[in-house]
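**Q** See query_7.cif below, with mmCIF, C-alpha atoms and all ligand atoms.
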```
data_run
loop_
_atom_site.label_atom_id
_atom_site.label_comp_id
_atom_site.auth_asym_id
_atom_site.auth_seq_id
_atom_site.Cartn_x
_atom_site.Cartn_y
_atom_site.Cartn_z
CA MET F 1398 118.20 217.43 108.81
CA ALA F 1399 118.42 216.00 112.37
CA ASP F 1400 119.34 218.42 115.19
CA ASP F 1401 122.27 217.82 117.61
CA SER F 1402 120.11 216.36 120.38
CA ALA F 1403 118.50 213.88 117.97
CA ARG F 1404 118.14 210.23 118.96
CA ARG F 1405 120.59 208.03 117.10
CA VAL F 1406 118.71 205.25 115.36
CA VAL F 1407 120.74 202.60 113.60
CA VAL F 1408 118.89 200.49 111.02
CA VAL F 1409 120.71 197.32 109.97
CA GLY F 1410 119.63 196.02 106.57
CA ALA F 1411 118.55 198.09 103.59
CA GLY F 1412 116.01 195.64 102.23
CA PHE F 1413 112.28 196.28 101.96
CA ALA F 1414 111.80 196.65 105.72
CA GLY F 1415 114.99 198.57 106.60
CA LEU F 1416 114.67 201.01 103.74
CA ALA F 1417 111.03 201.81 104.51
CA CYS F 1418 111.85 202.28 108.18
CA ALA F 1419 114.88 204.50 107.50
CA ARG F 1420 112.94 206.56 104.96
CA SER F 1421 110.14 207.19 107.40
CA LEU F 1422 112.40 207.99 110.39
CA SER F 1423 114.66 210.29 108.37
CA ARG F 1424 111.73 212.73 107.99
CA ASP F 1425 111.80 213.34 111.75
CA PRO F 1426 114.32 216.08 112.75
CA GLN F 1427 114.55 214.53 116.23
CA VAL F 1428 115.97 211.33 114.83
CA ALA F 1429 119.46 210.85 113.33
CA VAL F 1430 119.28 207.75 111.17
CA THR F 1431 122.25 205.61 110.17
CA LEU F 1432 121.44 202.87 107.68
CA ILE F 1433 123.89 199.97 107.42
CA ASP F 1434 124.00 197.26 104.77
CA LYS F 1435 126.71 194.93 103.50
CA HIS F 1436 125.65 195.83 99.94
CA PRO F 1437 125.34 199.32 98.47
CA TYR F 1438 122.05 198.38 96.81
CA GLN F 1439 118.55 197.26 97.66
CA LEU F 1440 117.78 193.93 96.05
CA PHE F 1441 114.38 193.34 94.47
CA ALA F 1442 114.25 189.67 95.45
CA PRO F 1443 110.94 188.86 93.70
CA LEU F 1444 112.79 189.05 90.37
CA LEU F 1445 115.82 186.97 91.39
CA TYR F 1446 114.43 184.04 89.44
CA GLN F 1447 114.72 186.14 86.27
CA VAL F 1448 118.44 186.69 86.93
CA ALA F 1449 118.86 182.99 87.73
CA THR F 1450 117.40 182.03 84.37
CA GLY F 1451 119.07 184.73 82.27
CA GLY F 1452 115.87 186.75 81.73
CA LEU F 1453 117.18 189.94 83.33
CA PRO F 1454 120.65 191.44 83.92
CA GLU F 1455 121.69 191.74 87.58
CA ASP F 1456 121.68 195.55 87.54
CA ASP F 1457 117.95 195.59 86.82
CA ILE F 1458 117.05 194.19 90.25
CA ALA F 1459 119.53 196.13 92.39
CA TYR F 1460 118.82 199.78 93.23
CA PRO F 1461 121.46 202.00 94.94
CA VAL F 1462 120.56 202.68 98.58
CA ARG F 1463 121.90 206.23 98.52
CA ALA F 1464 119.68 207.07 95.54
CA ALA F 1465 116.66 205.48 97.23
CA ILE F 1466 116.95 207.89 100.19
CA PRO F 1467 118.94 210.95 99.08
CA GLY F 1468 120.99 212.43 101.92
CA ILE F 1469 120.72 209.36 104.16
CA HIS F 1470 123.73 208.55 106.33
CA PHE F 1471 124.54 205.18 104.80
CA VAL F 1472 127.37 202.95 106.00
CA ARG F 1473 128.34 200.05 103.82
CA GLY F 1474 129.49 197.19 106.02
CA GLU F 1475 128.55 193.82 107.42
CA VAL F 1476 127.35 193.79 111.02
CA VAL F 1477 129.10 190.88 112.72
CA ARG F 1478 128.23 191.52 116.36
CA ILE F 1479 125.63 193.34 118.40
CA ASP F 1480 126.58 194.51 121.87
CA PRO F 1481 123.38 195.44 123.74
CA SER F 1482 125.28 196.46 126.89
CA ALA F 1483 127.39 199.02 125.00
CA ASN F 1484 124.54 199.98 122.63
CA SER F 1485 126.75 199.38 119.62
CA VAL F 1486 127.10 197.19 116.56
CA ARG F 1487 130.48 196.00 115.28
CA LEU F 1488 131.17 195.89 111.53
CA ALA F 1489 133.47 193.38 109.83
CA SER F 1490 135.89 196.27 109.23
CA GLY F 1491 136.23 196.69 113.03
CA LEU F 1492 134.20 199.90 113.12
CA ASP F 1493 131.74 200.25 116.03
CA VAL F 1494 128.55 202.20 115.44
CA GLU F 1495 126.64 203.36 118.53
CA TRP F 1496 122.89 203.70 118.82
CA ASP F 1497 120.13 204.87 121.13
CA ASP F 1498 117.67 202.66 119.27
CA LEU F 1499 118.47 199.72 117.03
CA VAL F 1500 116.32 198.34 114.22
CA LEU F 1501 117.24 194.89 112.94
CA ALA F 1502 116.05 194.23 109.38
CA MET F 1503 118.59 191.74 108.08
CA GLY F 1504 116.11 189.53 106.26
CA SER F 1505 116.52 185.77 106.20
CA ILE F 1506 118.52 182.91 104.74
CA GLY F 1507 117.36 179.71 103.06
CA ASN F 1508 116.22 177.07 105.56
CA SER F 1509 117.65 173.63 104.87
CA PHE F 1510 115.86 172.16 107.94
CA ASN F 1511 119.15 170.32 108.71
CA ILE F 1512 118.34 167.80 105.98
CA SER F 1513 121.48 165.86 105.13
CA GLY F 1514 123.20 166.99 101.92
CA VAL F 1515 121.12 170.10 101.27
CA ASP F 1516 123.75 172.67 102.24
CA ALA F 1517 126.40 170.79 100.26
CA HIS F 1518 124.48 169.96 97.09
CA ALA F 1519 121.53 172.32 96.61
CA LEU F 1520 121.68 175.90 95.33
CA GLN F 1521 119.80 178.62 97.18
CA MET F 1522 118.33 181.73 95.56
CA LYS F 1523 118.36 184.46 98.18
CA ASP F 1524 120.83 186.98 96.76
CA ILE F 1525 122.42 188.06 93.49
CA SER F 1526 125.52 185.89 93.84
CA GLN F 1527 123.34 182.81 94.39
CA ALA F 1528 121.12 183.68 91.40
CA ARG F 1529 124.29 184.13 89.32
CA ALA F 1530 125.56 180.73 90.50
CA ILE F 1531 122.28 179.10 89.38
CA LYS F 1532 122.51 180.74 85.96
CA HIS F 1533 126.12 179.61 85.49
CA ARG F 1534 125.23 176.08 86.58
CA LEU F 1535 122.20 175.84 84.28
CA LEU F 1536 123.90 177.27 81.19
CA GLY F 1537 127.29 175.68 81.90
CA THR F 1538 125.72 172.24 82.15
CA TYR F 1539 124.50 172.49 78.54
CA GLU F 1540 128.05 173.31 77.39
CA ARG F 1541 129.63 170.50 79.40
CA VAL F 1542 127.05 167.89 78.39
CA GLN F 1543 127.48 168.89 74.73
CA GLU F 1544 131.26 168.45 75.08
CA GLY F 1545 130.79 165.05 76.73
CA GLU F 1546 132.27 166.28 80.01
CA GLN F 1547 129.08 165.66 81.98
CA ALA F 1548 126.33 163.06 81.86
CA ARG F 1549 123.19 163.93 79.87
CA GLU F 1550 121.10 163.27 82.99
CA ASP F 1551 122.73 166.33 84.55
CA LEU F 1552 120.41 168.47 82.41
CA GLN F 1553 117.62 167.44 84.80
CA VAL F 1554 116.71 170.11 87.32
CA ALA F 1555 114.87 169.70 90.61
CA VAL F 1556 113.28 172.57 92.50
CA ILE F 1557 112.40 171.82 96.10
CA GLY F 1558 109.56 173.83 97.62
CA GLY F 1559 106.24 174.61 95.97
CA GLY F 1560 105.79 178.12 97.39
CA PRO F 1561 105.87 181.26 95.21
CA THR F 1562 109.65 181.13 94.71
CA GLY F 1563 109.69 177.45 93.72
CA VAL F 1564 106.74 177.87 91.37
CA GLU F 1565 108.25 180.91 89.67
CA VAL F 1566 111.71 179.45 89.25
CA ALA F 1567 110.43 176.05 88.04
CA GLY F 1568 108.33 177.76 85.37
CA ALA F 1569 111.19 180.03 84.31
CA ILE F 1570 113.58 177.06 84.03
CA ALA F 1571 111.08 175.16 81.86
CA GLU F 1572 110.93 178.20 79.57
CA LEU F 1573 114.72 178.48 79.55
CA GLN F 1574 115.00 174.80 78.60
CA LYS F 1575 112.66 175.41 75.65
CA GLN F 1576 114.90 178.27 74.44
CA MET F 1577 118.07 176.22 74.94
CA ALA F 1578 116.61 173.49 72.71
CA HIS F 1579 117.29 175.75 69.72
CA GLU F 1580 120.98 176.03 70.63
CA PHE F 1581 121.49 172.44 71.79
CA PRO F 1582 119.03 170.35 69.72
CA GLN F 1583 121.06 167.12 70.13
CA ILE F 1584 120.81 167.05 73.92
CA ALA F 1585 117.68 169.10 74.63
CA GLU F 1586 115.42 166.07 75.09
CA TYR F 1587 117.30 165.13 78.30
CA ALA F 1588 116.46 168.42 80.02
CA ASN F 1589 113.47 168.58 82.34
CA VAL F 1590 112.28 170.18 85.59
CA THR F 1591 110.68 168.52 88.59
CA LEU F 1592 109.05 170.61 91.30
CA VAL F 1593 108.80 168.85 94.67
CA GLU F 1594 106.38 170.03 97.35
CA ALA F 1595 106.02 168.46 100.80
CA GLY F 1596 102.31 169.27 101.13
CA PRO F 1597 99.28 168.22 99.10
CA ARG F 1598 99.20 171.35 96.91
CA LEU F 1599 101.41 174.09 95.43
CA LEU F 1600 101.27 177.62 96.87
CA PRO F 1601 99.96 176.46 100.26
CA SER F 1602 99.48 180.05 101.45
CA PHE F 1603 97.15 180.82 98.51
CA SER F 1604 93.63 179.58 97.80
CA PRO F 1605 93.17 175.99 96.57
CA LYS F 1606 91.93 177.46 93.26
CA SER F 1607 95.23 179.33 92.76
CA SER F 1608 97.18 176.18 93.70
CA GLU F 1609 95.37 174.20 91.06
CA ARG F 1610 95.81 176.92 88.45
CA ALA F 1611 99.56 177.03 89.16
CA ARG F 1612 99.81 173.24 88.94
CA ARG F 1613 98.04 173.20 85.58
CA ALA F 1614 100.11 176.07 84.18
CA LEU F 1615 103.38 174.41 85.21
CA THR F 1616 102.33 171.03 83.84
CA LYS F 1617 101.49 172.72 80.53
CA LEU F 1618 105.00 174.20 80.50
CA GLY F 1619 106.40 170.69 80.96
CA VAL F 1620 107.23 170.82 84.69
CA GLU F 1621 106.66 167.56 86.57
CA VAL F 1622 104.89 168.52 89.80
CA VAL F 1623 105.47 166.06 92.65
CA LEU F 1624 103.22 166.65 95.68
CA ASP F 1625 103.12 165.09 99.16
CA SER F 1626 106.83 164.39 98.96
CA VAL F 1627 109.33 165.32 101.64
CA VAL F 1628 113.06 165.30 100.94
CA ASP F 1629 114.86 162.87 103.22
CA ARG F 1630 118.47 163.38 102.09
CA MET F 1631 120.50 164.59 99.14
CA TYR F 1632 123.60 163.45 97.28
CA PRO F 1633 125.42 165.31 94.48
CA THR F 1634 122.94 164.19 91.80
CA ASP F 1635 120.33 162.19 93.74
CA ILE F 1636 117.48 163.36 95.90
CA HIS F 1637 115.97 160.74 98.18
CA LEU F 1638 112.35 161.36 99.13
CA LYS F 1639 110.83 159.99 102.32
CA ASN F 1640 108.33 157.97 100.27
CA GLY F 1641 111.22 156.00 98.77
CA ARG F 1642 111.35 157.70 95.36
CA ILE F 1643 114.78 158.82 94.16
CA LEU F 1644 115.02 161.79 91.80
CA SER F 1645 118.03 162.45 89.65
CA ALA F 1646 119.13 166.06 89.05
CA GLY F 1647 122.33 167.78 87.95
CA THR F 1648 121.02 171.00 89.49
CA THR F 1649 118.86 171.23 92.59
CA ILE F 1650 117.42 174.54 93.71
CA TRP F 1651 116.29 174.76 97.31
CA ALA F 1652 113.27 177.02 97.81
CA ALA F 1653 111.68 175.31 100.79
CA GLY F 1654 111.54 178.09 103.35
CA VAL F 1655 113.49 180.73 105.22
CA ALA F 1656 115.19 181.03 108.59
CA VAL F 1657 117.01 183.62 110.65
CA GLU F 1658 120.77 183.53 110.30
CA GLU F 1659 122.21 181.38 113.09
CA ARG F 1660 124.31 184.12 114.67
CA TRP F 1661 121.29 186.36 115.36
CA ARG F 1662 119.23 183.68 117.10
CA VAL F 1663 121.26 184.16 120.27
CA LEU F 1664 119.66 187.57 120.66
CA GLY F 1665 116.45 185.78 121.57
CA GLU F 1666 118.15 184.07 124.51
CA ALA F 1667 119.81 187.28 125.66
CA ASP F 1668 116.47 189.05 125.69
CA ARG F 1669 114.66 186.00 127.05
CA LEU F 1670 112.56 185.91 123.92
CA LYS F 1671 111.94 182.36 122.85
CA PRO F 1672 112.83 182.09 119.14
CA ALA F 1673 109.87 181.01 117.00
CA ARG F 1674 109.78 178.96 113.76
CA GLY F 1675 112.98 179.33 111.70
CA GLY F 1676 114.69 181.20 114.54
CA ARG F 1677 112.40 184.24 114.20
CA LEU F 1678 112.33 186.54 117.22
CA PRO F 1679 108.82 187.42 118.37
CA ALA F 1680 108.48 191.21 118.64
CA PRO F 1681 107.25 192.24 122.10
CA ASP F 1682 104.37 194.72 122.40
CA GLY F 1683 105.65 198.19 121.65
CA GLN F 1684 108.03 196.94 118.96
CA ARG F 1685 105.44 195.91 116.43
CA VAL F 1686 104.63 197.70 113.20
CA GLY F 1687 101.75 200.09 113.82
CA HIS F 1688 102.31 200.33 117.58
CA ARG F 1689 102.01 203.85 119.00
C1 LIG M 1701 113.39 184.55 95.11
C2 LIG M 1701 112.46 185.34 95.99
C3 LIG M 1701 111.23 185.75 95.48
C4 LIG M 1701 110.35 186.48 96.28
N1 LIG M 1701 109.17 186.89 95.74
C5 LIG M 1701 108.33 187.66 96.47
C6 LIG M 1701 107.12 188.17 95.93
O1 LIG M 1701 106.78 187.93 94.76
N2 LIG M 1701 106.31 188.93 96.73
C7 LIG M 1701 106.64 189.23 98.01
O2 LIG M 1701 105.89 189.93 98.71
N3 LIG M 1701 107.80 188.76 98.55
C8 LIG M 1701 108.64 187.99 97.81
N4 LIG M 1701 109.81 187.53 98.36
C9 LIG M 1701 110.07 187.80 99.77
C10 LIG M 1701 110.62 189.21 99.96
O3 LIG M 1701 111.74 189.40 99.11
C11 LIG M 1701 111.03 189.31 101.40
O4 LIG M 1701 109.87 189.14 102.20
C12 LIG M 1701 111.63 190.68 101.69
O5 LIG M 1701 112.80 190.85 100.94
C13 LIG M 1701 111.95 190.78 103.17
O6 LIG M 1701 112.40 192.07 103.40
P1 LIG M 1701 113.47 192.36 104.51
O7 LIG M 1701 113.71 193.82 104.47
O8 LIG M 1701 113.03 191.74 105.78
O9 LIG M 1701 114.78 191.57 104.09
P2 LIG M 1701 115.66 191.71 102.78
O10 LIG M 1701 114.93 192.35 101.67
O11 LIG M 1701 116.27 190.37 102.58
O12 LIG M 1701 116.80 192.73 103.24
C14 LIG M 1701 117.76 192.39 104.20
C15 LIG M 1701 118.97 193.30 104.00
O13 LIG M 1701 119.84 193.10 105.09
C16 LIG M 1701 121.18 193.08 104.63
N5 LIG M 1701 121.96 192.34 105.61
C17 LIG M 1701 121.76 191.07 106.03
N6 LIG M 1701 122.64 190.73 106.98
C18 LIG M 1701 123.40 191.82 107.18
C19 LIG M 1701 124.49 192.09 108.04
N7 LIG M 1701 124.96 191.19 108.91
N8 LIG M 1701 125.07 193.33 107.98
C20 LIG M 1701 124.59 194.28 107.13
N9 LIG M 1701 123.57 194.06 106.30
C21 LIG M 1701 122.98 192.85 106.32
C22 LIG M 1701 121.09 192.42 103.27
O14 LIG M 1701 122.19 192.75 102.46
C23 LIG M 1701 119.77 192.98 102.74
O15 LIG M 1701 119.97 194.15 101.99
C24 LIG M 1701 110.70 186.79 97.60
C25 LIG M 1701 111.94 186.37 98.10
C26 LIG M 1701 112.81 185.66 97.31
C27 LIG M 1701 114.16 185.23 97.86
#
```
What is this file in structure tokens?
Ligand SMILES: Cc1cc2nc3c(=O)[nH]c(=O)nc-3n(C[C@H](O)[C@H](O)[C@H](O)COP(=O)(O)OP(=O)(O)OC[C@H]3O[C@@H](n4cnc5c(N)ncnc54)[C@H](O)[C@@H]3O)c2cc1C
**A**
Amino acid sequence: MADDSARRVVVVGAGFAGLACARSLSRDPQVAVTLIDKHPYQLFAPLLYQVATGGLPEDDIAYPVRAAIPGIHFVRGEVVRIDPSANSVRLASGLDVEWDDLVLAMGSIGNSFNISGVDAHALQMKDISQARAIKHRLLGTYERVQEGEQAREDLQVAVIGGGPTGVEVAGAIAELQKQMAHEFPQIAEYANVTLVEAGPRLLPSFSPKSSERARRALTKLGVEVVLDSVVDRMYPTDIHLKNGRILSAGTTIWAAGVAVEERWRVLGEADRLKPARGGRLPAPDGQRVGHR
């Protein structure tokens, strides 16, 4: 329990980083922690692809924040503004929460790199509602194609980005398509998955051996792996690559990188910190993990 003279620390975001930070600080009686998140749960994002392909129910990857840190002062709300001069954050509800120290741990959003058509036509997989939207699109397309309401080609799926998320989701969709073949044998042959990666190998942050193993495993599952291919622009069911190839897909999943939400990038200018790749704010000395 924090004493009355405790420093008020507000942690925004109850994801992996925010939760760990709040848990650690809440053990210190000289710190009064307030944890804020727009959701009442912590999302286990590594398993989002399972929700997107119907392998797991949503509840299985969302853990209540209050149960994760019993006794924590948790405020459910979306932070819409940060006022460094007043040391306060404003929630969408209008509530202002004041702090002595502020920890920002709001995670990231999908990065479309301003490529034309991506925001309009591709599905992202960063939160539960987006994973749910992918599941509905994938399963709903089978129903609509079967009823003749959609073209058979719409059963084709493209996943853009050959990092861990793209590799996992492409493999899971190939497995889903195999299962769906039992329910929709007349149209199953039109379903396929193409995984597009800009670089020369999958999983660029892993060893070349792992990249090759992933490529072979996906190919065995029936995924077409397209390397060295950068998306130039997208239309509702067409993806134009810079090398001139055009892919057709009724569902496109964008897994090509992350960025900081636009509205928080301005903080970098206010603090004279030059935003780095994807709008990330470089942490000055003294604000890094492990600094004492
Ligand atoms: C599909 C997928 C698969 C992944 N697989 C792996 C993996 O296998 N291994 C691995 O190490 N990493 C994986 N990651 C990455 C990992 O999930 C992230 O690195 C991690 O979640 C980042 O933690 P974080 O706390 O910074 O952000 P997050 O976990 O995203 O948490 C941010 C929190 O902030 C909240 N929030 C955001 N904006 C606001 C606001 N304005 N007001 C209030 N609350 C807000 C959100 O609701 C969320 O709870 C994966 C990510 C995805 C999307």
**Q** Determine, using only C-alpha atoms, which residues of range 1439-1522 of chain F have any atom at most 7 Å from an atom of range 1406-1424 of chain F, and tabulate each with its shortest atom pair and distance in Å to one decimal place, rows ordered by chain and then rising number, as a Markdown table.
**A**
```
| residue | atom | partner | partner_atom | distance |
| --- | --- | --- | --- | --- |
| F:Gln1439 | CA | F:Gly1412 | CA | 5.5 |
| F:Leu1440 | CA | F:Gly1412 | CA | 6.7 |
| F:Ile1466 | CA | F:Arg1420 | CA | 6.4 |
| F:Trp1496 | CA | F:Val1406 | CA | 5.6 |
| F:Asp1497 | CA | F:Val1406 | CA | 6.0 |
| F:Asp1498 | CA | F:Val1406 | CA | 4.8 |
| F:Leu1499 | CA | F:Val1407 | CA | 5.0 |
| F:Val1500 | CA | F:Val1408 | CA | 4.6 |
| F:Leu1501 | CA | F:Val1409 | CA | 5.2 |
| F:Ala1502 | CA | F:Gly1410 | CA | 4.9 |
| F:Met1503 | CA | F:Gly1410 | CA | 4.7 |
```
**Q** I need the residues from that last selection saved to file as a PDB file, keeping the file's coordinate frame (with C-alpha atoms), if you can.
**A**
```pdb
ATOM      1  CA  GLN F1439     118.550 197.260  97.660  1.00  0.00           C
ATOM      2  CA  LEU F1440     117.780 193.930  96.050  1.00  0.00           C
ATOM      3  CA  ILE F1466     116.950 207.890 100.190  1.00  0.00           C
ATOM      4  CA  TRP F1496     122.890 203.700 118.820  1.00  0.00           C
ATOM      5  CA  ASP F1497     120.130 204.870 121.130  1.00  0.00           C
ATOM      6  CA  ASP F1498     117.670 202.660 119.270  1.00  0.00           C
ATOM      7  CA  LEU F1499     118.470 199.720 117.030  1.00  0.00           C
ATOM      8  CA  VAL F1500     116.320 198.340 114.220  1.00  0.00           C
ATOM      9  CA  LEU F1501     117.240 194.890 112.940  1.00  0.00           C
ATOM     10  CA  ALA F1502     116.050 194.230 109.380  1.00  0.00           C
ATOM     11  CA  MET F1503     118.590 191.740 108.080  1.00  0.00           C
TER      12      MET F1503
END
```
**Q** Could you check which of F:Ala1429, F:Val1462, F:Ala1517, F:Val1554 is closest to Arg1630 in chain F, using all atoms listed in the file?
**A**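 Once distances to Arg1630 in chain F are computed over all atoms listed in the file, the minimum belongs to F:Ala1517.
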**Q** Residues up to 9 Å from ligand LIG 1701 (chain M), counting only C-alpha atoms and all ligand atoms: could you list those as a PyMOL selection string?
**A** chain F and resi 1409-1417+1433-1446+1473-1478+1488-1489+1501-1507+1521-1524+1528+1561-1563+1565-1566+1652+1655+1658+1661
**Q** Which residue, F:Leu1520, F:Gln1543, F:Glu1550, F:Arg1613, has the smallest gap to Gln1583 in chain F when you use all atoms listed in the file?
**A**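 Of F:Leu1520, F:Gln1543, F:Glu1550, F:Arg1613, the one nearest Gln1583 in chain F, counting all atoms listed in the file, is F:Gln1543.
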**Q** Please measure the separation of CA of Arg1662 in chain F and CA of Ile1479 in chain F, giving the value in Å to one decimal.
**A**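 CA of Ile1479 in chain F lies at a distance of 11.7 Å from CA of Arg1662 in chain F.
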**Q** State, in Å with one decimal place, the distance from CA of Leu1592 in chain F to CA of Leu1453 in chain F.
**A** 22.4 Å
**Q** Mind giving me the straight-line distance from CA of Pro1454 in chain F to CA of Ser1526 in chain F in Å, one decimal?
**A** 12.4 Å
**Q** Would you list the residues near (105.3, 181.1, 97.1) (no more than 12 Å away, in the coordinates of the file, using only C-alpha atoms) as a list of chain:residue names?
**A** F:Pro1443, F:Ile1557, F:Gly1558, F:Gly1559, F:Gly1560, F:Pro1561, F:Thr1562, F:Gly1563, F:Val1564, F:Glu1565, F:Val1566, F:Ala1567, F:Glu1594, F:Arg1598, F:Leu1599, F:Leu1600, F:Pro1601, F:Ser1602, F:Phe1603, F:Ser1604, F:Ser1607, F:Ser1608, F:Ala1611, F:Ala1652, F:Ala1653, F:Gly1654, F:Val1655
**Q** Convert the current residue selection to file output with C-alpha atoms, as a PDB file, in the coordinates of the input.
**A**
```
ATOM      1  CA  PRO F1443     110.940 188.860  93.700  1.00  0.00           C
ATOM      2  CA  ILE F1557     112.400 171.820  96.100  1.00  0.00           C
ATOM      3  CA  GLY F1558     109.560 173.830  97.620  1.00  0.00           C
ATOM      4  CA  GLY F1559     106.240 174.610  95.970  1.00  0.00           C
ATOM      5  CA  GLY F1560     105.790 178.120  97.390  1.00  0.00           C
ATOM      6  CA  PRO F1561     105.870 181.260  95.210  1.00  0.00           C
ATOM      7  CA  THR F1562     109.650 181.130  94.710  1.00  0.00           C
ATOM      8  CA  GLY F1563     109.690 177.450  93.720  1.00  0.00           C
ATOM      9  CA  VAL F1564     106.740 177.870  91.370  1.00  0.00           C
ATOM     10  CA  GLU F1565     108.250 180.910  89.670  1.00  0.00           C
ATOM     11  CA  VAL F1566     111.710 179.450  89.250  1.00  0.00           C
ATOM     12  CA  ALA F1567     110.430 176.050  88.040  1.00  0.00           C
ATOM     13  CA  GLU F1594     106.380 170.030  97.350  1.00  0.00           C
ATOM     14  CA  ARG F1598      99.200 171.350  96.910  1.00  0.00           C
ATOM     15  CA  LEU F1599     101.410 174.090  95.430  1.00  0.00           C
ATOM     16  CA  LEU F1600     101.270 177.620  96.870  1.00  0.00           C
ATOM     17  CA  PRO F1601      99.960 176.460 100.260  1.00  0.00           C
ATOM     18  CA  SER F1602      99.480 180.050 101.450  1.00  0.00           C
ATOM     19  CA  PHE F1603      97.150 180.820  98.510  1.00  0.00           C
ATOM     20  CA  SER F1604      93.630 179.580  97.800  1.00  0.00           C
ATOM     21  CA  SER F1607      95.230 179.330  92.760  1.00  0.00           C
ATOM     22  CA  SER F1608      97.180 176.180  93.700  1.00  0.00           C
ATOM     23  CA  ALA F1611      99.560 177.030  89.160  1.00  0.00           C
ATOM     24  CA  ALA F1652     113.270 177.020  97.810  1.00  0.00           C
ATOM     25  CA  ALA F1653     111.680 175.310 100.790  1.00  0.00           C
ATOM     26  CA  GLY F1654     111.540 178.090 103.350  1.00  0.00           C
ATOM     27  CA  VAL F1655     113.490 180.730 105.220  1.00  0.00           C
TER      28      VAL F1655
END
```
**Q** Name all residues at most 9 Å from Phe1581 in chain F (count only C-alpha atoms; drop same-chain ones fewer than 4 positions away) and give them as a ChimeraX atom specification.
**A** /F:1539-1540,1543,1577,1585
**Q** Arg1463 in chain F: which residues within 10 Å, counting all atoms listed in the file, same-chain residues fewer than 2 positions away excluded, as a list in words?
**A** Leu1432, Pro1437, Tyr1438, Gln1439, Tyr1460, Pro1461, Ala1465, Ile1466, Pro1467, Gly1468, Ile1469, His1470, Phe1471 and Val1472 of chain F
**Q** Could you pull out every residue with an atom within 12 Å of (125.7, 178.6, 83.2), file coordinates, counting only C-alpha atoms, and send them as a ChimeraX atom specification?
**A** /F:1448-1451,1528-1542,1552,1573,1577,1648
**Q** Using all atoms listed in the file, which residue out of F:Glu1621, F:Glu1572, F:Asp1401, F:Asp1635 lies closest to Gly1647 in chain F?
**A**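 Among the listed residues, the smallest separation from Gly1647 in chain F belongs to F:Asp1635.
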**Q** Please extract range 1471-1488 of chain F and write it out with C-alpha atoms, as a short mmCIF file (atom, residue, chain, number, x, y, z; two decimals), in the first residue's frame.
**A**
```
data_model
loop_
_atom_site.label_atom_id
_atom_site.label_comp_id
_atom_site.auth_asym_id
_atom_site.auth_seq_id
_atom_site.Cartn_x
_atom_site.Cartn_y
_atom_site.Cartn_z
CA PHE F 1471 -6.82 0.47 -12.64
CA VAL F 1472 -8.71 3.02 -14.73
CA ARG F 1473 -10.40 1.80 -17.85
CA GLY F 1474 -10.30 4.55 -20.45
CA GLU F 1475 -8.65 5.70 -23.64
CA VAL F 1476 -5.99 8.37 -23.28
CA VAL F 1477 -6.64 10.94 -25.98
CA ARG F 1478 -4.28 13.73 -24.94
CA ILE F 1479 -1.14 14.21 -22.91
CA ASP F 1480 -0.51 17.60 -21.36
CA PRO F 1481 3.14 17.74 -20.22
CA SER F 1482 2.78 21.29 -18.87
CA ALA F 1483 -0.08 20.30 -16.53
CA ASN F 1484 1.37 16.83 -15.83
CA SER F 1485 -1.91 15.20 -16.77
CA VAL F 1486 -3.47 12.85 -19.28
CA ARG F 1487 -7.01 13.34 -20.61
CA LEU F 1488 -9.28 10.33 -21.14
#
```
